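Shown next: final-v5.txt, containing compact mmCIF, C-alpha atoms.
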# COMPACT_ATOMS: atom_id res chain seq x y z
CA GLN W 9 -14.35 15.36 -1.44
CA LYS W 10 -11.68 12.75 -0.77
CA GLU W 11 -9.05 12.27 -3.46
CA VAL W 12 -9.80 8.57 -3.88
CA GLU W 13 -13.09 6.89 -3.00
CA GLN W 14 -13.53 3.14 -2.72
CA ASP W 15 -16.47 1.21 -1.32
CA PRO W 16 -15.18 -0.85 1.62
CA GLY W 17 -17.64 -3.69 1.09
CA PRO W 18 -17.69 -6.46 2.04
CA LEU W 19 -18.65 -7.79 -1.35
CA SER W 20 -19.72 -11.44 -1.46
CA VAL W 21 -20.12 -13.27 -4.76
CA PRO W 22 -20.45 -16.95 -5.70
CA GLU W 23 -17.50 -18.81 -7.15
CA GLY W 24 -17.26 -18.46 -10.91
CA ALA W 25 -18.97 -15.06 -11.03
CA ILE W 26 -17.46 -11.95 -12.59
CA VAL W 27 -16.37 -9.46 -9.94
CA SER W 28 -16.28 -5.73 -10.53
CA LEU W 29 -14.32 -3.51 -8.14
CA ASN W 30 -14.26 0.26 -8.58
CA CYS W 31 -12.68 3.49 -7.45
CA THR W 32 -13.45 7.09 -8.22
CA TYR W 33 -11.06 9.97 -7.87
CA SER W 34 -11.12 13.74 -7.99
CA ASN W 35 -7.60 14.72 -9.08
CA SER W 36 -7.49 14.99 -12.86
CA ALA W 37 -3.68 14.96 -12.72
CA PHE W 38 -3.59 11.26 -11.81
CA GLN W 39 -2.05 9.24 -14.62
CA TYR W 40 -0.78 6.07 -12.97
CA PHE W 41 -3.32 3.62 -11.63
CA MET W 42 -2.66 0.47 -9.67
CA TRP W 43 -4.57 -2.33 -8.00
CA TYR W 44 -3.15 -4.14 -5.01
CA ARG W 45 -4.39 -7.34 -3.41
CA GLN W 46 -3.98 -7.85 0.32
CA TYR W 47 -4.62 -11.16 2.00
CA SER W 48 -5.40 -11.22 5.69
CA ARG W 49 -2.29 -10.68 7.84
CA LYS W 50 -0.15 -9.97 4.78
CA GLY W 51 1.26 -6.89 3.07
CA PRO W 52 -0.32 -5.59 -0.15
CA GLU W 53 0.98 -7.02 -3.42
CA LEU W 54 0.76 -5.29 -6.77
CA LEU W 55 -1.79 -6.93 -9.03
CA MET W 56 -2.23 -4.59 -11.99
CA TYR W 57 -0.73 -1.35 -13.18
CA THR W 58 -1.96 0.94 -15.96
CA TYR W 59 -0.89 4.27 -17.32
CA SER W 60 -3.47 6.80 -18.50
CA SER W 61 -6.75 5.57 -19.97
CA GLY W 62 -7.59 2.21 -21.45
CA ASN W 63 -7.68 -1.45 -20.55
CA LYS W 64 -5.07 -3.91 -19.44
CA GLU W 65 -5.60 -7.64 -19.17
CA ASP W 66 -3.61 -10.23 -17.25
CA GLY W 67 -5.11 -13.68 -17.08
CA ARG W 68 -8.45 -13.48 -15.26
CA PHE W 69 -7.87 -9.85 -14.31
CA THR W 70 -8.72 -6.76 -16.36
CA ALA W 71 -8.03 -3.20 -15.27
CA GLN W 72 -9.94 -0.33 -16.87
CA VAL W 73 -9.31 3.38 -16.59
CA ASP W 74 -11.80 6.03 -17.70
CA LYS W 75 -10.09 9.35 -17.13
CA SER W 76 -13.01 11.35 -18.50
CA SER W 77 -15.21 9.97 -15.72
CA LYS W 78 -12.38 9.72 -13.17
CA TYR W 79 -13.30 6.09 -12.64
CA ILE W 80 -11.21 2.95 -12.55
CA SER W 81 -12.29 -0.68 -12.38
CA LEU W 82 -10.84 -4.10 -11.77
CA PHE W 83 -12.69 -7.09 -13.20
CA ILE W 84 -12.05 -10.63 -12.06
CA ARG W 85 -13.40 -13.38 -14.30
CA ASP W 86 -14.16 -16.91 -13.15
CA SER W 87 -13.65 -15.84 -9.54
CA GLN W 88 -12.12 -18.37 -7.15
CA PRO W 89 -12.21 -18.67 -3.35
CA SER W 90 -8.49 -17.85 -3.43
CA ASP W 91 -9.42 -14.41 -4.77
CA SER W 92 -10.97 -13.59 -1.38
CA ALA W 93 -8.92 -10.64 -0.13
CA THR W 94 -8.98 -6.89 0.23
CA TYR W 95 -8.36 -5.01 -3.00
CA LEU W 96 -6.87 -1.54 -2.86
CA CYS W 97 -6.75 0.92 -5.71
CA ALA W 98 -3.89 3.40 -5.82
CA MET W 99 -2.97 6.27 -8.08
CA SER W 100 -0.37 8.93 -8.71
CA GLY W 101 0.16 11.98 -10.86
CA ASN W 102 3.64 11.29 -12.13
CA ARG W 103 6.61 9.08 -11.43
CA ASP W 104 7.82 11.14 -8.49
CA ASP W 105 4.49 11.85 -6.85
CA LYS W 106 3.39 10.04 -3.78
CA ILE W 107 0.83 7.32 -4.16
CA ILE W 108 -2.70 7.84 -2.90
CA PHE W 109 -4.48 4.66 -1.84
CA GLY W 110 -8.16 3.89 -1.64
CA LYS W 111 -9.38 2.37 1.62
CA GLY W 112 -9.80 -1.05 0.07
CA THR W 113 -12.76 -3.31 -0.74
CA ARG W 114 -13.11 -6.64 1.09
CA LEU W 115 -14.09 -9.38 -1.32
CA HIS W 116 -15.45 -12.81 -0.37
CA ILE W 117 -15.80 -15.51 -3.00
CA LEU W 118 -18.27 -18.10 -1.77
CA PRO W 119 -17.51 -21.72 -2.77
CA GLU N 24 14.55 -14.68 -2.51
CA ALA N 25 13.65 -11.02 -3.05
CA GLN N 26 11.94 -9.72 0.03
CA VAL N 27 11.27 -6.94 2.49
CA THR N 28 11.58 -7.95 6.12
CA GLN N 29 10.26 -6.16 9.17
CA ASN N 30 10.90 -6.74 12.84
CA PRO N 31 9.21 -7.19 15.15
CA ARG N 32 6.02 -8.53 13.61
CA TYR N 33 4.01 -7.88 16.76
CA LEU N 34 4.72 -5.43 19.57
CA ILE N 35 2.87 -4.35 22.67
CA THR N 36 4.35 -1.37 24.47
CA VAL N 37 3.39 1.43 26.83
CA THR N 38 3.01 5.14 26.23
CA GLY N 39 6.30 6.99 26.09
CA LYS N 40 8.63 4.02 25.73
CA LYS N 41 10.82 4.56 22.69
CA LEU N 42 10.74 1.84 20.08
CA THR N 43 12.21 1.07 16.67
CA VAL N 44 10.72 -1.07 13.93
CA THR N 45 13.36 -2.28 11.51
CA CYS N 46 12.92 -2.70 7.77
CA SER N 47 15.38 -4.32 5.41
CA GLN N 48 15.28 -5.15 1.69
CA ASN N 49 17.63 -7.31 -0.35
CA MET N 50 16.77 -6.00 -3.82
CA ASN N 51 19.10 -2.99 -3.94
CA HIS N 52 16.06 -0.70 -4.17
CA GLU N 53 16.63 3.02 -3.85
CA TYR N 54 13.12 3.98 -2.82
CA MET N 55 11.70 2.90 0.55
CA SER N 56 8.70 4.06 2.50
CA TRP N 57 6.65 3.45 5.61
CA TYR N 58 2.87 3.24 5.76
CA ARG N 59 0.34 2.76 8.48
CA GLN N 60 -2.95 1.01 7.85
CA ASP N 61 -5.99 1.70 9.98
CA PRO N 62 -9.60 0.50 9.63
CA GLY N 63 -11.64 3.01 7.68
CA LEU N 64 -8.58 5.08 6.81
CA GLY N 65 -6.68 2.77 4.50
CA LEU N 66 -2.97 3.00 3.82
CA ARG N 67 -1.31 6.31 4.66
CA GLN N 68 2.29 7.15 3.99
CA ILE N 69 4.39 8.19 7.00
CA TYR N 70 7.84 8.82 5.54
CA TYR N 71 9.71 7.90 2.41
CA SER N 72 13.31 7.85 1.25
CA MET N 73 14.55 8.34 -2.29
CA ASN N 74 18.05 7.16 -1.47
CA VAL N 75 20.66 6.98 1.29
CA GLU N 76 20.53 10.03 3.54
CA VAL N 77 17.48 11.38 1.66
CA THR N 78 14.19 11.23 3.54
CA ASP N 79 10.95 13.17 3.33
CA LYS N 80 7.62 13.40 5.08
CA GLY N 81 4.56 11.61 3.83
CA ASP N 82 0.97 12.31 4.82
CA VAL N 83 1.15 11.48 8.53
CA PRO N 84 4.72 12.02 9.80
CA GLU N 85 3.89 13.43 13.25
CA GLY N 86 5.32 11.32 16.06
CA TYR N 87 7.67 9.35 13.83
CA LYS N 88 11.29 9.54 12.77
CA VAL N 89 13.23 7.62 10.15
CA SER N 90 16.81 7.28 9.03
CA ARG N 91 18.45 5.91 5.90
CA LYS N 92 22.13 5.35 6.61
CA GLU N 93 22.37 2.32 4.36
CA LYS N 94 20.53 1.49 1.19
CA ARG N 95 19.02 -1.73 2.49
CA ASN N 96 17.71 -0.49 5.86
CA PHE N 97 15.01 2.04 6.72
CA PRO N 98 14.07 1.90 10.41
CA LEU N 99 10.98 3.61 11.79
CA ILE N 100 11.44 5.23 15.19
CA LEU N 101 8.73 6.19 17.64
CA GLU N 102 10.45 8.37 20.22
CA SER N 103 7.47 8.62 22.56
CA PRO N 104 4.67 6.32 21.37
CA SER N 105 1.07 7.23 22.12
CA PRO N 106 -2.10 5.11 21.90
CA ASN N 107 -3.13 6.80 18.63
CA GLN N 108 -0.08 5.18 17.05
CA THR N 109 -1.60 1.76 17.58
CA SER N 110 -1.77 0.49 14.02
CA LEU N 111 -0.53 -1.94 11.42
CA TYR N 112 2.71 -0.70 9.85
CA PHE N 113 4.11 -1.65 6.47
CA CYS N 114 7.49 -0.98 5.00
CA ALA N 115 7.81 -0.98 1.21
CA SER N 116 10.59 -0.66 -1.33
CA SER N 117 10.86 -0.20 -5.07
CA LEU N 118 13.38 0.62 -7.77
CA SER N 119 11.81 3.98 -8.50
CA PRO N 120 9.46 6.39 -6.73
CA LEU N 121 6.62 5.18 -8.88
CA LEU N 122 5.44 2.06 -7.25
CA GLU N 123 4.54 -0.18 -10.15
CA THR N 124 6.95 -2.70 -8.74
CA GLN N 125 6.63 -1.89 -5.09
CA TYR N 126 7.24 -4.68 -2.63
CA PHE N 127 5.61 -4.58 0.78
CA GLY N 128 6.89 -6.17 3.95
CA PRO N 129 4.71 -8.52 6.02
CA GLY N 130 3.61 -5.81 8.44
CA THR N 131 4.18 -4.96 12.10
CA ARG N 132 1.18 -4.85 14.37
CA LEU N 133 1.77 -2.32 17.16
CA LEU N 134 -0.34 -1.83 20.26
CA VAL N 135 0.46 1.15 22.49
CA LEU N 136 -1.18 0.99 25.91

Transcribe the structure of this file into C-alpha cells.
Amino acid sequence: QKEVEQDPGPLSVPEGAIVSLNCTYSNSAFQYFMWYRQYSRKGPELLMYTYSSGNKEDGRFTAQVDKSSKYISLFIRDSQPSDSATYLCAMSGNRDDKIIFGKGTRLHILP
Amino acid sequence: EAQVTQNPRYLITVTGKKLTVTCSQNMNHEYMSWYRQDPGLGLRQIYYSMNVEVTDKGDVPEGYKVSRKEKRNFPLILESPSPNQTSLYFCASSLSPLLETQYFGPGTRLLVL
C-alpha cells in the first residue's frame, strides 16, 4: 500500500459547485497535512496547512483531517474557473521529516 | 520580491553530457530541496539541504549530485544524464524543514535524448 493515495482525476465540475478533493494515507505517524495548488507550467504553491486532526478554513477553502480514518479533504466553495489546477496533498510526521506528496488531482471548473 | 529562481527553464541534452541546473533564493532560507515531477508518480524528493554544507539524500538521489556552498544557491548536477532523468524539476526553499511555508521555483523541464 502506498503511503499517500490520491485520485488523479480529472475532476470536472460546473462553476459555483462545491468541490471535494481527498487523500488517504497509511502512516499513522503523519501529523502535518498540507494542500498545494499547481497551475499548468508553474511550481506548486502552498494553499492550506493543518496540524493533527480538525478543520481549517481560509476564505472559500476548508481543509479537514480525520486521523482516525487516515483521510484528509480539501473543500472549495463557490468554485471558479480560476480554481482549475492540479491539487496535491502532502504530509509529514514531524517538523524534520521529509514530506510525502500525493500524485495530485487535476481539477477543471467549467464556466 | 521573494522568489526562487531556476535556470535554465528548458533544456534538451544528450545522454552522458554533464549538466547543472541552478537554483537561487532571496529569502535567506536555510532549507532547500530538489524534486522531480513525473506523470503518474507525482513529486519525489531528490536531495535536500538543511543549511550550508549540509546535504542529504531524498527518495530518488541516484544519478544526481548537489552542493550547498552558499545559503542562497543549491545547484543540481547530473554528471552523466540518462533518458530516465527526463522530467520536470523543481527547487524549493523554506525557513524550516517543515514545509508549511515552502516556496517552489518555476520548474526546469529537462529532456535527455

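Atom CA of Ser36 of chain W lies 24.7 Å from atom CA of Tyr70 of chain N.
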
Find the spatial neighbours of Gln68 of chain N, counting all atoms listed in the file, within a cut-off of 7 Å - ignore same-chain residues fewer than 2 positions away - and output them as a VMD selection string. chain N and resid 57 to 59 66 70 81 to 83

Counting only C-alpha atoms, collect the residues of chain N whose closest atom lies at most 12 Å from chain W, and write them out as a PyMOL selection string. chain N and resi 26-29+32-33+54-73+79-82+111-132

Write to file, as a tab-separated table (two decimals), in the frame of the given file, the residues of the selection just made, with C-alpha atoms.
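The result, stored in again.tsv:
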chain	number	residue	atom	x	y	z
N	26	GLN	CA	11.94	-9.72	0.03
N	27	VAL	CA	11.27	-6.94	2.49
N	28	THR	CA	11.58	-7.95	6.12
N	29	GLN	CA	10.26	-6.16	9.17
N	32	ARG	CA	6.02	-8.53	13.61
N	33	TYR	CA	4.01	-7.88	16.76
N	54	TYR	CA	13.12	3.98	-2.82
N	55	MET	CA	11.70	2.90	0.55
N	56	SER	CA	8.70	4.06	2.50
N	57	TRP	CA	6.65	3.45	5.61
N	58	TYR	CA	2.87	3.24	5.76
N	59	ARG	CA	0.34	2.76	8.48
N	60	GLN	CA	-2.95	1.01	7.85
N	61	ASP	CA	-5.99	1.70	9.98
N	62	PRO	CA	-9.60	0.50	9.63
N	63	GLY	CA	-11.64	3.01	7.68
N	64	LEU	CA	-8.58	5.08	6.81
N	65	GLY	CA	-6.68	2.77	4.50
N	66	LEU	CA	-2.97	3.00	3.82
N	67	ARG	CA	-1.31	6.31	4.66
N	68	GLN	CA	2.29	7.15	3.99
N	69	ILE	CA	4.39	8.19	7.00
N	70	TYR	CA	7.84	8.82	5.54
N	71	TYR	CA	9.71	7.90	2.41
N	72	SER	CA	13.31	7.85	1.25
N	73	MET	CA	14.55	8.34	-2.29
N	79	ASP	CA	10.95	13.17	3.33
N	80	LYS	CA	7.62	13.40	5.08
N	81	GLY	CA	4.56	11.61	3.83
N	82	ASP	CA	0.97	12.31	4.82
N	111	LEU	CA	-0.53	-1.94	11.42
N	112	TYR	CA	2.71	-0.70	9.85
N	113	PHE	CA	4.11	-1.65	6.47
N	114	CYS	CA	7.49	-0.98	5.00
N	115	ALA	CA	7.81	-0.98	1.21
N	116	SER	CA	10.59	-0.66	-1.33
N	117	SER	CA	10.86	-0.20	-5.07
N	118	LEU	CA	13.38	0.62	-7.77
N	119	SER	CA	11.81	3.98	-8.50
N	120	PRO	CA	9.46	6.39	-6.73
N	121	LEU	CA	6.62	5.18	-8.88
N	122	LEU	CA	5.44	2.06	-7.25
N	123	GLU	CA	4.54	-0.18	-10.15
N	124	THR	CA	6.95	-2.70	-8.74
N	125	GLN	CA	6.63	-1.89	-5.09
N	126	TYR	CA	7.24	-4.68	-2.63
N	127	PHE	CA	5.61	-4.58	0.78
N	128	GLY	CA	6.89	-6.17	3.95
N	129	PRO	CA	4.71	-8.52	6.02
N	130	GLY	CA	3.61	-5.81	8.44
N	131	THR	CA	4.18	-4.96	12.10
N	132	ARG	CA	1.18	-4.85	14.37

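Remark: for Asn35 of chain W, the closest of the candidate residues W:Ser76, W:Asp15, W:Glu65, W:Ile84 is W:Ser76 (distances computed over only C-alpha atoms).
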
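A straight line drawn from atom CA of Thr109 of chain N to atom CA of Val75 of chain N is 28.1 Å long.
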
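Across the model, the gap from atom CA of Ala93 of chain W to atom CA of Lys78 of chain W is 24.4 Å.
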
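Between Glu53 of chain N and the residues N:Asn74, N:Asn96, N:Thr38, N:Ser110, the shortest atom-to-atom distance, using only C-alpha atoms, involves N:Asn74.
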
List as a ChimeraX atom specification the residues having at least one atom at most 9 Å from position (-11.6, -1.0, -11.2) as given in the file, counting all atoms listed in the file. /W:28-32,43,70-73,79-83,97

Starting from 6 Å padding per side, set up an axis-aligned box that covers all listed atoms of segment 60-74 of chain W and hand over centre and edge lengths in Å, one decimal, as JSON.
{"center_x": -7.6, "center_y": -3.4, "center_z": -17.9, "size_x": 20.3, "size_y": 32.5, "size_z": 19.1}

Please, could N, CA and C atoms be added to segment 68-82 of chain N and the result written as a PDB file, in the frame of the given file?
ATOM      1  N   GLN N  68       0.837   7.123   3.995  1.00  0.00           N
ATOM      2  CA  GLN N  68       2.290   7.150   3.990  1.00  0.00           C
ATOM      3  C   GLN N  68       2.813   8.002   5.144  1.00  0.00           C
ATOM      4  N   ILE N  69       3.809   7.482   5.855  1.00  0.00           N
ATOM      5  CA  ILE N  69       4.390   8.190   7.000  1.00  0.00           C
ATOM      6  C   ILE N  69       5.632   8.956   6.563  1.00  0.00           C
ATOM      7  N   TYR N  70       6.596   8.239   6.041  1.00  0.00           N
ATOM      8  CA  TYR N  70       7.840   8.820   5.540  1.00  0.00           C
ATOM      9  C   TYR N  70       8.277   8.005   4.327  1.00  0.00           C
ATOM     10  N   TYR N  71       9.108   8.630   3.495  1.00  0.00           N
ATOM     11  CA  TYR N  71       9.710   7.900   2.410  1.00  0.00           C
ATOM     12  C   TYR N  71      11.153   8.354   2.222  1.00  0.00           C
ATOM     13  N   SER N  72      11.897   7.548   1.490  1.00  0.00           N
ATOM     14  CA  SER N  72      13.310   7.850   1.250  1.00  0.00           C
ATOM     15  C   SER N  72      13.643   7.531  -0.199  1.00  0.00           C
ATOM     16  N   MET N  73      14.195   8.521  -0.882  1.00  0.00           N
ATOM     17  CA  MET N  73      14.550   8.340  -2.290  1.00  0.00           C
ATOM     18  C   MET N  73      15.905   7.660  -2.439  1.00  0.00           C
ATOM     19  N   ASN N  74      16.734   7.783  -1.408  1.00  0.00           N
ATOM     20  CA  ASN N  74      18.050   7.160  -1.470  1.00  0.00           C
ATOM     21  C   ASN N  74      18.719   7.340  -0.101  1.00  0.00           C
ATOM     22  N   VAL N  75      19.935   6.872   0.018  1.00  0.00           N
ATOM     23  CA  VAL N  75      20.660   6.980   1.290  1.00  0.00           C
ATOM     24  C   VAL N  75      20.758   8.444   1.691  1.00  0.00           C
ATOM     25  N   GLU N  76      20.452   8.693   2.943  1.00  0.00           N
ATOM     26  CA  GLU N  76      20.530  10.030   3.540  1.00  0.00           C
ATOM     27  C   GLU N  76      19.496  11.011   2.976  1.00  0.00           C
ATOM     28  N   VAL N  77      18.530  10.515   2.207  1.00  0.00           N
ATOM     29  CA  VAL N  77      17.480  11.380   1.660  1.00  0.00           C
ATOM     30  C   VAL N  77      16.128  10.869   2.141  1.00  0.00           C
ATOM     31  N   THR N  78      15.503  11.626   3.041  1.00  0.00           N
ATOM     32  CA  THR N  78      14.190  11.230   3.540  1.00  0.00           C
ATOM     33  C   THR N  78      13.238  12.404   3.456  1.00  0.00           C
ATOM     34  N   ASP N  79      11.935  12.104   3.410  1.00  0.00           N
ATOM     35  CA  ASP N  79      10.950  13.170   3.330  1.00  0.00           C
ATOM     36  C   ASP N  79       9.650  12.714   3.975  1.00  0.00           C
ATOM     37  N   LYS N  80       8.865  13.706   4.396  1.00  0.00           N
ATOM     38  CA  LYS N  80       7.620  13.400   5.080  1.00  0.00           C
ATOM     39  C   LYS N  80       6.548  12.949   4.096  1.00  0.00           C
ATOM     40  N   GLY N  81       5.739  12.015   4.576  1.00  0.00           N
ATOM     41  CA  GLY N  81       4.560  11.610   3.830  1.00  0.00           C
ATOM     42  C   GLY N  81       3.342  12.358   4.342  1.00  0.00           C
ATOM     43  N   ASP N  82       2.218  11.664   4.416  1.00  0.00           N
ATOM     44  CA  ASP N  82       0.970  12.310   4.820  1.00  0.00           C
ATOM     45  C   ASP N  82       0.814  12.446   6.329  1.00  0.00           C
TER      46      ASP N  82
END
